Amino acid sequence: MSRRIEAALPFWLDRPDAEAVDVAHEAWRAGLRGLWVGEMATYDAFALATAIAAQAPGMRMNIGPLPISARAPAGIALGASTIASLTGAQVSVALGASSPMIVTGWHGRDWGRSVARMRETIDVLRPMLAGQRSSYNGDLLSSHGFRLRHPLPSARIAVGAFGDDMVRLAAVHADELVLNLATPARVAQIRERIDGYARAADRQPLHLTVWVPAAVDPAEQTWRQVAGQIAVYLRPPGYGEMFTDLGFGSLVADARRGTHRSELTAAIPSELSRLLGAFGTASEVTGRLAEFMAAGADTVAVIPATANDPGGRETLRCASDFLSVHGVHSCAPPKPEPGSGVTLRAVSSSLQ
């Protein structure tokens with residue numbers, strides 16, 4: 001199973017939304033072969049990925065994790081197919097349960113029964129991506145008569161998983177499992193569990209991807225930026241329990257009592273960021289990336305901090321250096337022909 005270094009777009013709360021396009025540009029320039037495009041409260045993931053893929057030939061687009069209670073399978077299939085058919089990019093999708101705040105608060109949907117909903121979503125989505133006409137009746141989902149005009153038979157389905165039931169489901173039914181904000185020790189635990197579940201189901205080992213926040217030569221503003229993002233994840237189910245296991249239960253309790261994010265950010269020590277990411281000199285960052293891979297990650301998706309590194313340029317170049325030094329799989333995308341269209345920087349500028 002090949003090992004990869006990819007990039008995941010950050011949506012730092014203290015930065016302009018369009019900075020995500022700058023990060024995509026720097027990842028492409030660095031020769032990273034894959035980009036993870038999620039969504040928060042800024043851009044629609046499919047629209048953003050289409051804008052990026054049109055100007056980043058050769059870069060695979062991994063869309064999500066998308067909240068399964070807010071996105072219907074037909075919509076997910078159509079969005080992925082749109083990116084591929086308009087840009088020629090290879091596209092895969094990732095699914096997640098998300099959180100009650102987003103699913104119920106933002107979208108007015110039921111967040112419950114996430115494991116059952118995930119199973120049905122995969123059951124509906126996989127044949128859709130393969131080009132089959134939908135014909136499905138489940139307890140939570142149904143779809144009949146939908147068929148993609150531009151199928152994606154090679155698209156992978158990943159699951160962002162928390163909790164043993166969701167991890168088991170991913171190991172048995174998905175192609176990939178995605179971890180966000182995990183230590184190497186947790187990666188090793190998940191690797192062992194999914195391999196065991198796969199063996200029991202007579203399946204090949206699941207591809208395991210971990211998103212890792214990173215920064216070369218972090219400054220004080222870098223730590224604040226990363227802490228501000230961690231503060232968002234202290235409250236949701238799954239993440240809070242993980243932070244508690246790491247010894248930061250008091251922060252989780254404060255978050256769940258309603259403490260303001262700015263106060264939580266100020267209280268988060270750099271120690272927690274270091275546990276979850278790759279920070280320091282270039283050699284320290286690459287050494288930390290190696291730790292995640294040694295723990296069992298097949299792909300490390302670098303989330304570059306940008307507070308002291310515009311577009312994450314130096315951090316993404318460091319990740320690219322890791323590719324050449326460690327022989328990890330890489331596929332440097334070709335440069336566009338002169339006059340082939342606007343650049344990613346131009347797209348970014350137009351969004352300001």
# chains A, B, ... in the order shown; residues from 1 in each chain; ligands from 1

$ select_by_dssp --residues "stretch 176-233 of chain A" --states "helix (DSSP H, G or I)" --output "PyMOL selection string"
chain A and resi 184-200+220-233

$ select_by_dssp --residues "stretch 42-268 of chain A" --states "strand (DSSP E)" --output "ChimeraX atom specification"
/A:60-67,91-96,135-137,142-144,157-160,176-180,207-216

$ closest_residue --among "A:Gln229, A:Thr82, A:Thr183, A:Gln204" --to "A:Ala278" --atoms "only C-alpha atoms"
A:Thr183

$ closest_residue --among "A:Arg317, A:Arg235, A:Arg224, A:Arg15" --to "A:Leu272" --atoms "only C-alpha atoms"
A:Arg224

$ residues_around --residues "A:Gly280" --least-positions-apart "2" --cutoff "8 Å" --atoms "only C-alpha atoms" --output "tab-separated table (two decimals) with N, CA, C and O atoms, in the first residue's frame"
chain	number	residue	atom	x	y	z
A	215	ALA	N	3.61	23.47	11.00
A	215	ALA	CA	4.23	24.77	10.71
A	215	ALA	C	5.73	24.66	10.93
A	215	ALA	O	6.19	24.10	11.93
A	216	VAL	N	6.47	25.19	9.96
A	216	VAL	CA	7.92	25.30	10.11
A	216	VAL	C	8.23	26.61	10.82
A	216	VAL	O	7.70	27.67	10.47
A	217	ASP	N	9.07	26.52	11.84
A	217	ASP	CA	9.48	27.69	12.62
A	217	ASP	C	8.27	28.49	13.12
A	217	ASP	O	8.09	29.67	12.78
A	218	PRO	N	7.40	27.88	13.91
A	218	PRO	CA	6.19	28.57	14.37
A	218	PRO	C	6.52	29.77	15.26
A	218	PRO	O	7.45	29.72	16.07
A	278	ALA	N	2.69	18.79	13.76
A	278	ALA	CA	4.12	18.74	13.40
A	278	ALA	C	4.63	20.17	13.36
A	278	ALA	O	4.34	20.91	12.42
A	282	ALA	N	12.50	22.54	10.15
A	282	ALA	CA	12.14	21.68	9.03
A	282	ALA	C	12.41	20.21	9.35
A	282	ALA	O	11.59	19.34	9.04
A	283	SER	N	13.54	19.93	9.97
A	283	SER	CA	13.85	18.53	10.30
A	283	SER	C	12.90	17.99	11.37
A	283	SER	O	12.54	16.81	11.35
A	284	GLU	N	12.49	18.85	12.31
A	284	GLU	CA	11.54	18.40	13.33
A	284	GLU	C	10.17	18.12	12.72
A	284	GLU	O	9.49	17.15	13.10
A	285	VAL	N	9.76	18.95	11.77
A	285	VAL	CA	8.47	18.72	11.11
A	285	VAL	C	8.50	17.42	10.32
A	285	VAL	O	7.59	16.58	10.42

$ residues_around --residues "stretch 122-125 of chain A" --least-positions-apart "4" --cutoff "8 Å" --atoms "only C-alpha atoms" --output "PyMOL selection string"
chain A and resi 73-74+76-77+118+129+134+136+142-143+157+173-174

$ write_last_selection --atoms "N, CA and C atoms" --output "JSON list (two decimals), in the first residue's frame"
[["chain", "number", "residue", "atom", "x", "y", "z"],
["A", 73, "PRO", "N", -27.19, 11.50, -0.73],
["A", 73, "PRO", "CA", -26.26, 10.79, -1.61],
["A", 73, "PRO", "C", -26.28, 11.27, -3.06],
["A", 74, "ALA", "N", -27.45, 11.54, -3.60],
["A", 74, "ALA", "CA", -27.52, 12.00, -4.99],
["A", 74, "ALA", "C", -26.79, 13.34, -5.16],
["A", 76, "ILE", "N", -24.28, 14.40, -3.29],
["A", 76, "ILE", "CA", -22.85, 14.13, -3.17],
["A", 76, "ILE", "C", -22.31, 13.58, -4.49],
["A", 77, "ALA", "N", -23.01, 12.61, -5.06],
["A", 77, "ALA", "CA", -22.57, 12.02, -6.32],
["A", 77, "ALA", "C", -22.53, 13.06, -7.43],
["A", 118, "MET", "N", -24.72, 6.38, 8.16],
["A", 118, "MET", "CA", -23.50, 6.23, 7.38],
["A", 118, "MET", "C", -23.54, 4.96, 6.54],
["A", 129, "LEU", "N", -22.04, 6.26, -7.77],
["A", 129, "LEU", "CA", -20.75, 6.68, -8.32],
["A", 129, "LEU", "C", -20.31, 5.76, -9.46],
["A", 134, "SER", "N", -30.20, 4.51, -9.33],
["A", 134, "SER", "CA", -30.48, 4.25, -7.91],
["A", 134, "SER", "C", -31.79, 3.50, -7.73],
["A", 136, "TYR", "N", -33.09, 2.16, -4.01],
["A", 136, "TYR", "CA", -32.74, 1.85, -2.62],
["A", 136, "TYR", "C", -33.86, 2.30, -1.69],
["A", 142, "SER", "N", -33.73, 6.80, 1.05],
["A", 142, "SER", "CA", -34.25, 6.12, -0.13],
["A", 142, "SER", "C", -33.89, 6.93, -1.35],
["A", 143, "SER", "N", -33.70, 6.26, -2.47],
["A", 143, "SER", "CA", -33.43, 6.94, -3.74],
["A", 143, "SER", "C", -33.81, 6.01, -4.88],
["A", 157, "ILE", "N", -14.53, 6.06, -1.32],
["A", 157, "ILE", "CA", -15.40, 6.59, -0.27],
["A", 157, "ILE", "C", -14.66, 6.46, 1.06],
["A", 173, "HIS", "N", -16.97, -1.34, 5.32],
["A", 173, "HIS", "CA", -17.77, -0.86, 4.19],
["A", 173, "HIS", "C", -17.13, 0.27, 3.38],
["A", 174, "ALA", "N", -16.17, 0.99, 3.95],
["A", 174, "ALA", "CA", -15.57, 2.12, 3.23],
["A", 174, "ALA", "C", -14.24, 1.71, 2.61]]

$ residues_around --residues "A:Tyr233" --least-positions-apart "3" --cutoff "10 Å" --atoms "only C-alpha atoms" --output "PyMOL selection string"
chain A and resi 99+181+228-230+236-240+243+252+255

$ write_last_selection --atoms "all heavy atoms" --output "compact mmCIF listing (two decimals), in the first residue's frame"
# COMPACT_ATOMS: atom_id res chain seq x y z
N SER A 99 -21.42 17.35 13.60
CA SER A 99 -21.76 17.61 15.00
C SER A 99 -23.20 18.11 15.10
O SER A 99 -23.78 18.61 14.12
CB SER A 99 -20.82 18.68 15.57
OG SER A 99 -21.09 19.95 14.98
N LEU A 181 -6.93 15.67 13.90
CA LEU A 181 -6.44 16.01 15.23
C LEU A 181 -6.20 14.74 16.06
O LEU A 181 -6.87 14.50 17.07
CB LEU A 181 -7.42 16.94 15.94
CG LEU A 181 -7.64 18.31 15.29
CD1 LEU A 181 -8.67 19.11 16.07
CD2 LEU A 181 -6.33 19.08 15.19
N GLY A 228 -6.79 28.42 18.34
CA GLY A 228 -8.13 28.89 18.01
C GLY A 228 -8.94 27.84 17.27
O GLY A 228 -10.16 27.73 17.47
N GLN A 229 -8.26 27.06 16.43
CA GLN A 229 -8.98 26.00 15.71
C GLN A 229 -9.27 24.82 16.62
O GLN A 229 -10.35 24.22 16.56
CB GLN A 229 -8.14 25.55 14.51
CG GLN A 229 -8.95 24.89 13.41
CD GLN A 229 -9.75 25.89 12.60
OE1 GLN A 229 -9.66 27.09 12.82
NE2 GLN A 229 -10.54 25.39 11.66
N ILE A 230 -8.32 24.48 17.48
CA ILE A 230 -8.56 23.38 18.42
C ILE A 230 -9.75 23.70 19.32
O ILE A 230 -10.55 22.82 19.65
CB ILE A 230 -7.30 23.12 19.27
CG1 ILE A 230 -6.20 22.50 18.39
CG2 ILE A 230 -7.61 22.19 20.45
CD1 ILE A 230 -4.87 22.34 19.10
N PRO A 236 -17.56 19.21 20.52
CA PRO A 236 -18.33 18.17 19.83
C PRO A 236 -18.07 16.77 20.37
O PRO A 236 -16.98 16.47 20.86
CB PRO A 236 -17.85 18.29 18.37
CG PRO A 236 -17.34 19.67 18.25
CD PRO A 236 -16.74 19.99 19.58
N PRO A 237 -19.08 15.91 20.28
CA PRO A 237 -18.91 14.51 20.71
C PRO A 237 -17.77 13.86 19.95
O PRO A 237 -17.57 14.10 18.76
CB PRO A 237 -20.26 13.87 20.35
CG PRO A 237 -21.22 15.00 20.28
CD PRO A 237 -20.45 16.19 19.80
N GLY A 238 -17.04 13.00 20.60
CA GLY A 238 -15.91 12.32 19.98
C GLY A 238 -14.62 13.08 20.17
O GLY A 238 -13.69 12.59 20.81
N TYR A 239 -14.57 14.28 19.65
CA TYR A 239 -13.37 15.10 19.84
C TYR A 239 -13.15 15.40 21.32
O TYR A 239 -12.03 15.30 21.83
CB TYR A 239 -13.49 16.40 19.05
CG TYR A 239 -13.28 16.26 17.57
CD1 TYR A 239 -14.36 16.27 16.69
CD2 TYR A 239 -12.00 16.13 17.04
CE1 TYR A 239 -14.16 16.15 15.32
CE2 TYR A 239 -11.80 16.01 15.68
CZ TYR A 239 -12.88 16.02 14.82
OH TYR A 239 -12.70 15.90 13.47
N GLY A 240 -14.22 15.81 22.01
CA GLY A 240 -14.07 16.15 23.42
C GLY A 240 -13.54 14.99 24.23
O GLY A 240 -12.66 15.17 25.09
N PHE A 243 -9.79 14.61 23.59
CA PHE A 243 -8.98 15.59 24.33
C PHE A 243 -8.94 15.24 25.82
O PHE A 243 -7.92 15.43 26.48
CB PHE A 243 -9.55 17.00 24.14
CG PHE A 243 -9.36 17.55 22.75
CD1 PHE A 243 -10.44 18.03 22.03
CD2 PHE A 243 -8.11 17.59 22.18
CE1 PHE A 243 -10.28 18.54 20.75
CE2 PHE A 243 -7.94 18.10 20.89
CZ PHE A 243 -9.02 18.57 20.18
N VAL A 252 -12.26 20.69 27.93
CA VAL A 252 -13.50 20.17 27.35
C VAL A 252 -14.69 20.56 28.22
O VAL A 252 -15.73 21.00 27.71
CB VAL A 252 -13.42 18.64 27.22
CG1 VAL A 252 -14.75 18.06 26.76
CG2 VAL A 252 -12.31 18.25 26.25
N ALA A 255 -15.50 24.15 27.65
CA ALA A 255 -16.16 24.36 26.35
C ALA A 255 -17.62 23.95 26.41
O ALA A 255 -18.49 24.64 25.88
CB ALA A 255 -15.41 23.57 25.28

$ atom_distance --atom1 "atom CA of A:Leu246" --atom2 "atom CA of A:Leu66"
26.5 Å

$ residues_around --residues "A:Ala30" --least-positions-apart "4" --cutoff "8 Å" --atoms "only C-alpha atoms" --output "mmCIF file with N, CA and C atoms, in the first residue's frame"
data_model
loop_
_atom_site.group_PDB
_atom_site.id
_atom_site.type_symbol
_atom_site.label_atom_id
_atom_site.label_comp_id
_atom_site.auth_asym_id
_atom_site.auth_seq_id
_atom_site.Cartn_x
_atom_site.Cartn_y
_atom_site.Cartn_z
ATOM 1 N N GLU A 26 -0.119 26.850 -3.273
ATOM 2 C CA GLU A 26 1.203 26.489 -2.750
ATOM 3 C C GLU A 26 1.377 24.973 -2.706
ATOM 4 N N LEU A 316 4.528 23.552 3.322
ATOM 5 C CA LEU A 316 4.213 22.637 2.231
ATOM 6 C C LEU A 316 5.461 22.243 1.455
ATOM 7 N N ARG A 317 6.413 23.167 1.325
ATOM 8 C CA ARG A 317 7.688 22.798 0.715
ATOM 9 C C ARG A 317 8.424 21.781 1.577
ATOM 10 N N SER A 320 6.952 18.523 0.908
ATOM 11 C CA SER A 320 7.424 18.031 -0.376
ATOM 12 C C SER A 320 8.830 17.455 -0.264
ATOM 13 N N ALA A 332 4.191 15.019 -9.021
ATOM 14 C CA ALA A 332 4.224 16.462 -9.227
ATOM 15 C C ALA A 332 3.354 16.820 -10.417
#

$ atom_distance --atom1 "atom CA of A:Arg29" --atom2 "atom CA of A:Leu9"
14.5 Å

$ closest_residue --among "A:Val21, A:Val115, A:Ile68, A:Ile63" --to "A:Gln90" --atoms "only C-alpha atoms"
A:Ile63

$ closest_residue --among "A:Gly38, A:Pro213, A:Pro57, A:Gly31" --to "A:Ala94" --atoms "only C-alpha atoms"
A:Gly38

$ closest_residue --among "A:Ala319, A:Val187, A:Ala7, A:Ile268" --to "A:Ala294" --atoms "only C-alpha atoms"
A:Val187

$ atom_distance --atom1 "atom CA of A:Ser114" --atom2 "atom CA of A:Asn180"
17.9 Å

$ closest_residue --among "A:Leu276, A:Glu220, A:Ser92, A:Asp165" --to "A:Ala185" --atoms "only C-alpha atoms"
A:Leu276
